[in-house]
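Novice: Enclosed is the structure file target.cif (mmCIF, C-alpha atoms).
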data_data
loop_
_atom_site.label_atom_id
_atom_site.label_comp_id
_atom_site.auth_asym_id
_atom_site.auth_seq_id
_atom_site.Cartn_x
_atom_site.Cartn_y
_atom_site.Cartn_z
CA MET A 1 -147.42 -1.60 -45.68
CA THR A 2 -148.84 -3.75 -48.47
CA LEU A 3 -150.51 -5.96 -45.90
CA LEU A 4 -151.96 -2.90 -44.18
CA LEU A 5 -153.37 -1.57 -47.44
CA ALA A 6 -154.82 -4.93 -48.40
CA ALA A 7 -156.38 -5.32 -44.98
CA THR A 8 -157.89 -1.85 -45.18
CA LEU A 9 -159.37 -2.52 -48.60
CA ALA A 10 -160.79 -5.86 -47.51
CA ALA A 11 -162.29 -4.29 -44.41
CA LEU A 12 -163.91 -1.55 -46.45
CA GLN A 13 -165.43 -4.02 -48.86
CA ALA A 14 -166.64 -6.24 -46.06
CA ALA A 15 -168.14 -3.23 -44.31
CA GLN A 16 -170.23 -2.41 -47.35
CA GLY A 17 -172.30 -5.54 -46.86
CA PRO A 18 -175.34 -6.36 -48.94
CA ASP A 19 -177.08 -3.41 -50.58
CA PRO A 20 -180.13 -2.56 -48.42
CA ARG A 21 -182.12 -1.65 -51.53
CA LEU A 22 -182.11 -5.30 -52.48
CA GLU A 23 -184.41 -5.96 -49.54
CA ARG A 24 -187.20 -5.10 -51.97
CA LEU A 25 -186.54 -8.32 -53.87
CA ASP A 26 -188.32 -11.54 -53.07
CA SER A 27 -186.63 -14.16 -50.93
CA ILE A 28 -185.74 -16.31 -53.94
CA SER A 29 -184.06 -13.74 -56.15
CA ARG A 30 -182.48 -11.65 -53.37
CA PRO A 31 -179.59 -13.99 -52.41
CA ILE A 32 -178.82 -14.79 -56.04
CA VAL A 33 -178.80 -11.14 -57.08
CA THR A 34 -176.70 -10.27 -54.04
CA ALA A 35 -174.18 -12.92 -55.07
CA LEU A 36 -174.12 -11.62 -58.63
CA VAL A 37 -173.53 -8.08 -57.36
CA ASP A 38 -170.73 -9.29 -55.10
CA SER A 39 -169.15 -11.18 -57.97
CA ALA A 40 -169.28 -8.09 -60.16
CA ARG A 41 -167.71 -6.00 -57.42
CA ALA A 42 -164.95 -8.56 -57.00
CA VAL A 43 -163.90 -8.14 -60.62
CA ALA A 44 -164.32 -4.34 -60.48
CA LEU A 45 -167.40 -4.19 -62.69
CA PRO A 46 -169.97 -1.50 -61.87
CA THR A 47 -172.66 -2.84 -59.56
CA GLU A 48 -175.16 0.01 -59.69
CA PRO A 49 -176.61 -1.03 -63.09
CA LEU A 50 -177.16 -4.53 -61.72
CA VAL A 51 -178.95 -3.20 -58.66
CA GLN A 52 -181.11 -0.94 -60.79
CA ARG A 53 -182.02 -3.77 -63.17
CA ALA A 54 -183.06 -5.90 -60.21
CA LEU A 55 -185.10 -3.06 -58.69
CA GLU A 56 -186.80 -2.48 -62.03
CA GLY A 57 -187.89 -6.10 -62.00
CA ALA A 58 -189.12 -5.85 -58.43
CA THR A 59 -191.15 -2.71 -59.17
CA LYS A 60 -192.62 -4.29 -62.30
CA ARG A 61 -193.46 -7.38 -60.25
CA ALA A 62 -191.42 -9.71 -62.42
CA THR A 63 -190.85 -13.28 -61.33
CA ALA A 64 -187.66 -14.24 -59.51
CA ASP A 65 -186.45 -16.20 -62.51
CA ARG A 66 -186.78 -13.24 -64.83
CA ILE A 67 -185.07 -10.88 -62.41
CA VAL A 68 -182.13 -13.22 -61.92
CA ALA A 69 -181.84 -13.86 -65.66
CA ALA A 70 -181.90 -10.14 -66.44
CA VAL A 71 -179.26 -9.29 -63.85
CA ARG A 72 -177.04 -12.18 -64.87
CA ARG A 73 -177.27 -11.23 -68.53
CA LEU A 74 -176.43 -7.61 -67.79
CA ALA A 75 -173.40 -8.68 -65.74
CA VAL A 76 -172.14 -10.72 -68.68
CA ASP A 77 -172.76 -7.80 -71.04
CA LEU A 78 -170.86 -5.44 -68.75
CA GLY A 79 -167.91 -7.81 -68.81
CA HIS A 80 -167.93 -7.93 -72.59
CA ALA A 81 -168.25 -4.14 -72.68
CA ARG A 82 -165.15 -3.77 -70.57
CA ASP A 83 -163.29 -6.19 -72.81
CA ALA A 84 -164.12 -3.95 -75.75
CA LEU A 85 -163.53 -0.55 -74.12
CA GLY A 86 -160.67 -1.38 -71.79
CA ALA A 87 -160.21 -1.22 -68.06
CA THR A 88 -160.32 2.58 -67.93
CA ALA A 89 -163.95 2.77 -69.05
CA SER A 90 -166.26 4.53 -66.63
CA PRO A 91 -169.37 2.85 -65.19
CA THR A 92 -171.65 4.98 -67.37
CA GLU A 93 -169.65 4.09 -70.46
CA LEU A 94 -169.82 0.41 -69.60
CA THR A 95 -173.57 0.62 -69.08
CA ALA A 96 -174.06 2.28 -72.46
CA ALA A 97 -171.66 -0.16 -74.11
CA ALA A 98 -173.51 -3.13 -72.65
CA ALA A 99 -176.73 -1.83 -74.19
CA ALA A 100 -175.00 -1.29 -77.53
CA LEU A 101 -173.64 -4.82 -77.55
CA ARG A 102 -177.06 -6.16 -76.64
CA ALA A 103 -178.48 -4.21 -79.58
CA GLY A 104 -176.05 -5.97 -81.89
CA ALA A 105 -173.13 -3.57 -82.18
CA PRO A 106 -169.86 -5.39 -82.90
CA PRO A 107 -167.24 -5.18 -80.12
CA ALA A 108 -164.76 -3.87 -82.68
CA THR A 109 -166.96 -0.82 -83.21
CA LEU A 110 -166.77 -0.05 -79.50
CA THR A 111 -163.02 -0.46 -79.49
CA GLU A 112 -162.73 1.84 -82.49
CA LEU A 113 -164.92 4.44 -80.77
CA ARG A 114 -162.58 4.38 -77.79
CA ARG A 115 -159.63 4.90 -80.08
CA ILE A 116 -160.96 7.88 -82.00
CA ARG A 117 -162.87 9.82 -79.32
CA ARG A 118 -161.22 11.48 -76.36
CA GLU A 119 -164.45 12.51 -74.65
CA PRO A 120 -166.66 10.03 -72.78
CA LEU A 121 -168.36 7.47 -74.98
CA THR A 122 -171.68 7.32 -73.16
CA VAL A 123 -173.64 9.43 -75.65
CA PRO A 124 -172.13 7.98 -78.87
CA LEU A 125 -172.86 4.49 -77.61
CA ALA A 126 -176.38 5.47 -76.59
CA VAL A 127 -177.03 7.06 -79.97
CA LEU A 128 -175.80 3.91 -81.68
CA THR A 129 -178.12 1.78 -79.56
CA ASP A 130 -181.09 4.08 -80.09
CA LEU A 131 -180.60 4.14 -83.85
CA VAL A 132 -180.61 0.36 -83.98
CA ALA A 133 -183.72 0.35 -81.83
CA SER A 134 -185.30 2.70 -84.39
CA GLY A 135 -184.74 0.19 -87.17
CA VAL A 136 -181.44 1.42 -88.56
CA PRO A 137 -179.19 -1.48 -89.62
CA VAL A 138 -176.32 -1.97 -87.21
CA ASP A 139 -173.67 -1.45 -89.87
CA SER A 140 -175.20 1.84 -91.01
CA ALA A 141 -175.62 3.10 -87.46
CA ALA A 142 -172.07 2.14 -86.51
CA ALA A 143 -170.59 3.78 -89.60
CA ALA A 144 -172.50 6.99 -88.99
CA VAL A 145 -171.57 7.23 -85.31
CA LEU A 146 -167.94 6.46 -86.04
CA SER A 147 -167.85 9.17 -88.69
CA LEU A 148 -169.11 11.77 -86.20
CA ALA A 149 -167.58 10.60 -82.94
CA ALA A 150 -164.15 12.12 -83.34
CA LYS A 151 -165.29 15.76 -83.42
CA ALA A 152 -168.97 15.96 -82.52
CA ARG A 153 -170.11 17.06 -79.08
CA ASP A 154 -172.65 15.02 -77.16
CA ALA A 155 -175.35 17.54 -78.04
CA ASP A 156 -174.50 17.21 -81.75
CA LEU A 157 -174.86 13.45 -81.55
CA VAL A 158 -178.20 13.68 -79.78
CA GLU A 159 -179.44 16.11 -82.43
CA PHE A 160 -178.22 13.72 -85.11
CA ARG A 161 -180.23 10.91 -83.55
CA ARG A 162 -183.35 13.08 -83.41
CA ALA A 163 -182.93 14.00 -87.06
CA VAL A 164 -182.72 10.34 -88.05
CA GLU A 165 -185.77 9.43 -86.01
CA ARG A 166 -187.69 12.37 -87.44
CA ASP A 167 -186.86 11.37 -91.01
CA ILE A 168 -187.80 7.76 -90.34
CA ALA A 169 -191.11 8.93 -88.92
CA LEU A 170 -191.67 10.90 -92.12
CA GLY A 171 -191.16 7.75 -94.16
CA ALA A 172 -187.48 7.72 -95.10
CA PRO A 173 -185.72 4.35 -95.19
CA PRO A 174 -183.67 4.05 -91.95
CA ALA A 175 -180.31 3.55 -93.65
CA SER A 176 -180.83 6.46 -96.01
CA ALA A 177 -182.07 8.70 -93.22
CA THR A 178 -178.98 7.85 -91.18
CA ALA A 179 -176.55 8.59 -94.00
CA ALA A 180 -178.21 11.89 -94.84
CA ALA A 181 -178.37 13.02 -91.23
CA ALA A 182 -174.75 12.01 -90.65
CA ALA A 183 -173.60 14.10 -93.60
CA PHE A 184 -175.62 17.05 -92.39
CA ALA A 185 -174.38 16.65 -88.83
CA ALA A 186 -170.77 16.46 -89.93
CA ALA A 187 -171.15 19.77 -91.72
CA ALA A 188 -172.95 21.31 -88.78
CA VAL A 189 -170.46 20.25 -86.12
CA GLN A 190 -168.32 23.32 -86.69
CA VAL A 191 -171.33 25.63 -86.77
CA ASN A 192 -172.67 24.26 -83.50
CA ALA A 193 -169.32 24.35 -81.74
CA GLY A 194 -170.25 27.39 -79.68
CA ALA A 195 -173.81 26.41 -78.88
CA LYS A 196 -174.78 25.33 -75.40
CA GLN A 197 -177.15 22.62 -74.30
CA GLN A 198 -180.57 24.01 -73.43
CA ARG A 199 -182.03 23.41 -70.01
CA PRO A 200 -184.15 21.61 -69.13
CA GLY A 201 -183.54 19.08 -71.87
CA ARG A 202 -185.73 16.41 -73.27
CA PRO A 203 -184.90 12.76 -73.81
CA MET B 1 -87.29 1.14 -20.46
CA PHE B 2 -88.82 -1.23 -23.05
CA GLU B 3 -87.46 -4.68 -23.82
CA PRO B 4 -86.20 -5.30 -27.32
CA ASP B 5 -88.84 -6.80 -29.61
CA GLU B 6 -87.05 -10.14 -30.16
CA GLU B 7 -86.76 -10.73 -26.43
CA LEU B 8 -90.44 -9.91 -25.79
CA ILE B 9 -91.63 -12.16 -28.61
CA GLY B 10 -89.41 -14.97 -27.35
CA ARG B 11 -90.90 -14.77 -23.87
CA VAL B 12 -94.46 -14.82 -25.24
CA VAL B 13 -93.67 -17.85 -27.43
CA ARG B 14 -92.16 -19.74 -24.53
CA GLN B 15 -95.20 -18.95 -22.39
CA LEU B 16 -97.58 -20.18 -25.06
CA ARG B 17 -95.59 -23.41 -25.59
CA ARG B 18 -95.83 -24.45 -21.98
CA PRO B 19 -98.14 -27.42 -21.49
CA VAL B 20 -101.55 -26.50 -20.11
CA THR B 21 -103.13 -28.61 -17.46
CA VAL B 22 -106.96 -28.51 -17.46
CA ASP B 23 -108.74 -29.41 -14.27
CA ALA B 24 -110.53 -32.72 -14.77
CA GLY B 25 -113.69 -31.39 -13.04
CA LEU B 26 -114.05 -28.35 -15.34
CA ASP B 27 -116.63 -29.93 -17.63
CA ALA B 28 -118.73 -31.06 -14.69
CA ARG B 29 -118.68 -27.61 -13.10
CA VAL B 30 -119.65 -25.87 -16.33
CA MET B 31 -122.57 -28.23 -16.96
CA GLU B 32 -123.73 -27.74 -13.40
CA GLN B 33 -123.92 -23.98 -14.01
CA VAL B 34 -125.84 -24.55 -17.24
CA ARG B 35 -128.37 -26.73 -15.50
CA ARG B 36 -128.95 -23.99 -12.94
CA LEU B 37 -130.11 -21.55 -15.64
CA PRO B 38 -133.92 -20.98 -15.73
CA PRO B 39 -135.67 -23.18 -18.34
CA ARG B 40 -136.91 -21.54 -21.57
CA ARG B 41 -140.65 -20.91 -21.54
CA ALA B 42 -142.98 -22.51 -24.07
CA GLY B 43 -143.86 -20.24 -27.00
CA GLY B 44 -140.44 -18.72 -27.00
CA ALA B 45 -140.64 -17.83 -30.69
CA ALA B 46 -143.89 -15.96 -30.19
CA HIS B 47 -142.45 -14.22 -27.17
CA ALA B 48 -139.41 -13.19 -29.14
CA THR B 49 -141.56 -11.98 -32.02
CA TRP B 50 -143.74 -9.95 -29.69
CA GLY B 51 -140.65 -8.49 -28.11
CA TRP B 52 -139.29 -7.55 -31.51
CA LEU B 53 -142.57 -5.91 -32.49
CA THR B 54 -142.97 -3.93 -29.27
CA ARG B 55 -139.42 -2.87 -28.74
CA PRO B 56 -139.10 0.89 -29.28
CA ARG B 57 -136.75 1.79 -32.06
CA THR B 58 -135.90 4.67 -34.28
CA VAL B 59 -136.84 4.28 -37.95
CA PRO B 60 -135.24 6.74 -40.33
CA PHE B 61 -137.53 7.95 -43.15
CA LEU B 62 -137.75 10.63 -45.79
CA PRO B 63 -140.65 13.09 -45.51
CA LEU B 64 -141.28 12.48 -49.21
CA GLY B 65 -141.60 8.77 -48.55
CA ALA B 66 -144.08 9.39 -45.75
CA LEU B 67 -146.17 11.58 -48.06
CA ALA B 68 -146.15 8.87 -50.73
CA VAL B 69 -147.34 6.26 -48.23
CA ALA B 70 -150.11 8.60 -47.05
CA ALA B 71 -151.19 9.25 -50.64
CA VAL B 72 -151.42 5.53 -51.38
CA PHE B 73 -153.44 5.00 -48.20
CA VAL B 74 -155.90 7.75 -49.11
CA ALA B 75 -156.24 6.40 -52.64
CA VAL B 76 -157.10 2.94 -51.32
CA VAL B 77 -159.62 4.31 -48.84
CA LEU B 78 -161.36 6.47 -51.42
CA TRP B 79 -161.26 3.94 -54.26
CA ARG B 80 -164.57 2.38 -55.36
CA PRO B 81 -165.30 0.59 -58.65
CA ASP B 82 -168.62 2.43 -58.94
CA ARG B 83 -167.22 5.89 -58.33
CA PRO B 84 -167.47 7.94 -61.51
CA SER B 85 -164.06 8.45 -63.02
CA ARG B 86 -164.88 12.03 -63.98
CA PRO B 87 -166.68 14.76 -62.07
CA ALA B 88 -170.32 14.58 -63.01
CA SER B 89 -172.28 17.72 -63.78
CA MET B 90 -176.01 17.83 -63.19
CA SER B 91 -178.53 18.73 -65.89
CA GLU B 92 -182.24 19.22 -65.36
CA PHE B 93 -184.44 17.10 -67.55
CA GLY B 94 -188.13 17.53 -68.10
CA PHE B 95 -190.45 14.55 -68.55
CA VAL B 96 -193.93 14.91 -70.01
CA VAL B 97 -196.64 12.34 -70.51
CA VAL B 98 -200.27 12.58 -71.57
CA ALA B 99 -202.46 10.45 -69.35
CA PRO B 100 -206.15 11.37 -69.53
CA ARG B 101 -208.30 10.11 -66.68
CA ALA B 102 -205.23 9.30 -64.58
CA THR B 103 -205.41 9.92 -60.85
CA THR B 104 -201.68 9.65 -60.19
CA VAL B 105 -198.64 9.36 -62.42
CA SER B 106 -195.14 8.52 -61.16
CA LEU B 107 -191.82 8.79 -62.92
CA VAL B 108 -189.71 5.74 -62.09
CA GLY B 109 -186.33 4.71 -63.38
CA ASP B 110 -182.66 4.07 -62.79
CA PHE B 111 -182.35 7.57 -61.30
CA ASN B 112 -184.71 6.93 -58.37
CA ASP B 113 -184.22 3.23 -57.64
CA TRP B 114 -187.47 2.44 -59.47
CA ASP B 115 -189.32 3.72 -56.45
CA ALA B 116 -192.82 4.82 -57.44
CA ALA B 117 -193.13 7.05 -54.40
CA ARG B 118 -189.97 9.03 -55.09
CA THR B 119 -190.97 11.19 -58.09
CA PRO B 120 -194.71 11.89 -58.39
CA MET B 121 -195.53 13.85 -61.55
CA GLN B 122 -197.52 17.08 -61.44
CA ARG B 123 -200.62 17.78 -63.48
CA VAL B 124 -200.36 20.80 -65.77
CA ARG B 125 -203.08 23.27 -64.82
CA LYS B 126 -203.99 24.28 -68.36
CA ASP B 127 -204.44 20.72 -69.53
CA GLU B 128 -205.26 18.21 -66.84
CA SER B 129 -204.31 15.27 -69.02
CA VAL B 130 -200.69 16.38 -69.21
CA TRP B 131 -198.29 15.41 -66.41
CA THR B 132 -194.77 16.70 -65.95
CA ALA B 133 -191.72 16.25 -63.77
CA VAL B 134 -188.30 17.88 -63.83
CA ILE B 135 -185.39 16.11 -62.18
CA PRO B 136 -181.62 16.63 -62.08
CA LEU B 137 -179.56 13.99 -63.83
CA THR B 138 -175.84 13.39 -64.05
CA PRO B 139 -174.36 12.25 -67.37
CA GLY B 140 -175.31 8.68 -68.14
CA ARG B 141 -177.90 6.44 -69.71
CA TYR B 142 -181.08 5.81 -67.75
CA ARG B 143 -184.04 3.51 -68.24
CA TYR B 144 -187.37 4.81 -67.07
CA ALA B 145 -191.12 4.54 -67.45
CA PHE B 146 -194.31 6.16 -66.23
CA LEU B 147 -196.53 4.35 -63.74
CA VAL B 148 -200.16 5.42 -64.05
CA ASP B 149 -202.44 4.94 -61.06
CA GLY B 150 -199.92 2.53 -59.59
CA VAL B 151 -200.79 -0.27 -62.01
CA ARG B 152 -200.34 0.73 -65.63
CA TRP B 153 -196.92 1.14 -67.24
CA LEU B 154 -196.34 3.62 -70.04
CA ALA B 155 -193.22 4.18 -72.09
CA ASP B 156 -192.31 7.70 -73.12
CA PRO B 157 -193.53 8.16 -76.70
CA ALA B 158 -191.05 11.00 -77.14
CA ALA B 159 -187.97 8.97 -76.20
CA PRO B 160 -186.18 5.92 -77.56
CA ALA B 161 -187.54 2.62 -76.34
CA ALA B 162 -185.43 0.41 -74.12
CA ARG B 163 -184.45 -2.43 -76.41
CA ASP B 164 -183.46 -4.85 -73.68
CA ASP B 165 -186.80 -4.98 -71.91
CA GLU B 166 -186.91 -8.28 -70.06
CA TYR B 167 -189.84 -7.63 -67.76
CA GLY B 168 -192.69 -7.36 -70.22
CA ALA B 169 -193.52 -3.75 -69.37
CA PRO B 170 -192.28 -1.01 -71.68
CA SER B 171 -189.45 1.29 -70.70
CA SER B 172 -187.74 4.21 -72.36
CA VAL B 173 -184.20 5.48 -72.34
CA VAL B 174 -182.78 8.93 -71.67
CA THR B 175 -179.13 9.72 -72.24
CA VAL B 176 -177.50 12.69 -70.57
CA GLY B 177 -174.33 13.94 -72.16
CA GLY B 178 -171.58 16.11 -70.84
CA SER B 179 -170.60 18.18 -73.87
#
How would this structure read if it were set down as structure tokens?

Specialist:
Amino acid sequence: MTLLLAATLAALQAAQGPDPRLERLDSISRPIVTALVDSARAVALPTEPLVQRALEGATKRATADRIVAAVRRLAVDLGHARDALGATASPTELTAAAAALRAGAPPATLTELRRIRREPLTVPLAVLTDLVASGVPVDSAAAAVLSLAAKARDADLVEFRRAVERDIALGAPPASATAAAAAFAAAAVQVNAGAKQQRPGRP
Amino acid sequence: MFEPDEELIGRVVRQLRRPVTVDAGLDARVMEQVRRLPPRRAGGAAHATWGWLTRPRTVPFLPLGALAVAAVFVAVVLWRPDRPSRPASMSEFGFVVVAPRATTVSLVGDFNDWDAARTPMQRVRKDESVWTAVIPLTPGRYRYAFLVDGVRWLADPAAPAARDDEYGAPSSVVTVGGS
């Protein structure tokens, strides 16, 4: 029975073949990206982010070297993200975690997020990454997200990020804006508990 | 009607103690019969294995065991590394960009394979410089950008910038949550 299951799995994977979307790549980058995608699949890493990163390069008319380098780097980041979050992390969590690591978040912060939050980590990780991209020091951003992650809903975290960005735009120092918004968000988490996300949303 | 036990045993013992004379040609006759047997065919092991595999037989099993085997089979067939581990709910997201003098504007990103033909944006009637698009998104983090007139890339000024931009053209990030 084990042999039958293994044979079925191997046949399914072989039947998948190369992703037809990668036909949009040039002849130089296509085989390398295909091999990188196959390697990621072999170790159970999500392949869709790699395909999308390659397609982004093709649409932006990037050179083959840049496309291959970007896909390879993302594959490495996804591996590190899984090391930090554990094997149960979803593809969307791994994608967000890879971006957070690339932004400079310590792996220990990701592991701690996994420990304290039961809900998916995609939004907390994205908020962390976006704060760093806005100029907030990594340590301040990580501390703020960790302080909110245990109880805040995704919508609360997104609102927290908007508040920080708004205060920064108004001239507040990034670290101070983050601390103030985190304190306000922590107090508001209970108040917002019954609110629902508006549709359609905005990034 | 029956002999006494001692007498019967004594007769059997005497019979067994009698010298036995074996015909001198016995060995020769036996080997002659052996040589007359049909020779074994080549690939006998394979033949025997095939016979073992194809021979009908009755295999006892528990219905619970059969259900467990079926469940494992279905799990293997349905398993994919990329399959979301949780059911994904869709949310509609609106994208807006101001692009005066633009002829066409496309929304491209991780949600449409970066295909410029997939999501053309619509011009707002009241203000022809404003372009919008509303698309459904499942929870996740997406990179995207606006492509103006097929040649010019614009990031979304209202969204966080993609920090890991390796292609020299700006992109933005949208994160869709589930709670």

Novice: Specify as a list in words each residue included when the PyMOL selection byres ((chain A and resi 80-82) around 9) is applied to this file.

Specialist: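 Output from the PyMOL selection byres ((chain A and resi 80-82) around 9), applied to this file: Leu45, Ala75, Val76, Asp77, Leu78, Gly79, Asp83, Ala84, Leu85, Gly86, Ala87, Thr88, Ala89, Glu93, Leu94, Thr95, Ala96, Ala97, Ala98, Ala99, Ala100, Leu101, Pro107 and Leu110 of chain A.
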
Novice: For the residues selected in the previous step, produce a file with C-alpha atoms as a CSV table (one decimal), in the coordinates of the input.

Specialist:
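Final output, saved to selection_5.csv:
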chain,number,residue,atom,x,y,z
A,45,LEU,CA,-167.4,-4.2,-62.7
A,75,ALA,CA,-173.4,-8.7,-65.7
A,76,VAL,CA,-172.1,-10.7,-68.7
A,77,ASP,CA,-172.8,-7.8,-71.0
A,78,LEU,CA,-170.9,-5.4,-68.8
A,79,GLY,CA,-167.9,-7.8,-68.8
A,83,ASP,CA,-163.3,-6.2,-72.8
A,84,ALA,CA,-164.1,-4.0,-75.8
A,85,LEU,CA,-163.5,-0.6,-74.1
A,86,GLY,CA,-160.7,-1.4,-71.8
A,87,ALA,CA,-160.2,-1.2,-68.1
A,88,THR,CA,-160.3,2.6,-67.9
A,89,ALA,CA,-164.0,2.8,-69.0
A,93,GLU,CA,-169.6,4.1,-70.5
A,94,LEU,CA,-169.8,0.4,-69.6
A,95,THR,CA,-173.6,0.6,-69.1
A,96,ALA,CA,-174.1,2.3,-72.5
A,97,ALA,CA,-171.7,-0.2,-74.1
A,98,ALA,CA,-173.5,-3.1,-72.6
A,99,ALA,CA,-176.7,-1.8,-74.2
A,100,ALA,CA,-175.0,-1.3,-77.5
A,101,LEU,CA,-173.6,-4.8,-77.6
A,107,PRO,CA,-167.2,-5.2,-80.1
A,110,LEU,CA,-166.8,0.0,-79.5

Novice: Can you pull out the residues contacting Pro100 in chain B? Cut-off 10 Å, using only C-alpha atoms, and skip same-chain residues under 3 positions away; I want them as a list in words.

Specialist: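 Residues meeting the cut-off are Val97, Thr103, Asp127, Glu128, Ser129, Val130 and Trp131 of chain B.
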
Novice: Hey, which of B:Arg14, B:Arg143, B:Arg152, B:Arg29 ends up closest to Val105 in chain B? Count all atoms listed in the file.

Specialist: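 Selected residue with least distance to Val105 in chain B: B:Arg152.
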
Novice: Could you list the residues chosen by the PyMOL selection byres ((chain B) within 8 of (chain A)) in this structure as a ChimeraX atom specification?

Specialist: /B:73,76-77,81-85,91-95,109-110,113-116,134,139-141,158-164,166-167,169,173-179

Novice: Taking (-188.9, 5.5, -66.2) as a centre in this file's frame and 6 Å as the limit, can you find every polymer residue with an atom that close, using all atoms listed in the file, and give them as a count of residues only?

Specialist: 7

Novice: What gap, in Å, lies between CA of Ala180 in chain A and CA of Asp139 in chain A?

Specialist: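 A separation of 14.9 Å between them.
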
Novice: So what do you get for CA of Pro106 in chain A versus CA of Ile32 in chain A, distance-wise?

Specialist: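 These two atoms are separated by 29.8 Å.
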
Novice: Please check which residues have atoms at most 8 Å from (-175.1, 7.7, -87.9) in the file's coordinates, counting only C-alpha atoms, and write them as an MDAnalysis selection string.

Specialist: chainID A and resid 128 131 140:148 160:161 178:179 181:182

Novice: Could you please determine the separation between CA of Tyr142 in chain B and CA of Ala155 in chain B in Å, to one decimal place?

Specialist: 13.0 Å

Novice: Would you mind telling me which residue in B:Ala70, B:Ile135, B:Val59, B:Ala117 lies nearest to Val96 in chain B when using only C-alpha atoms?

Specialist: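 Looking only at the distances to Val96 in chain B, the closest residue turns out to be B:Ile135.
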
Novice: Box along x, y and z, 6 Å on every side, all listed atoms of range 124-133 of chain A inside: centre and edge lengths in Å to one decimal, as JSON.

Specialist:
{"center_x": -177.9, "center_y": 4.2, "center_z": -80.3, "size_x": 23.6, "size_y": 19.6, "size_z": 19.4}
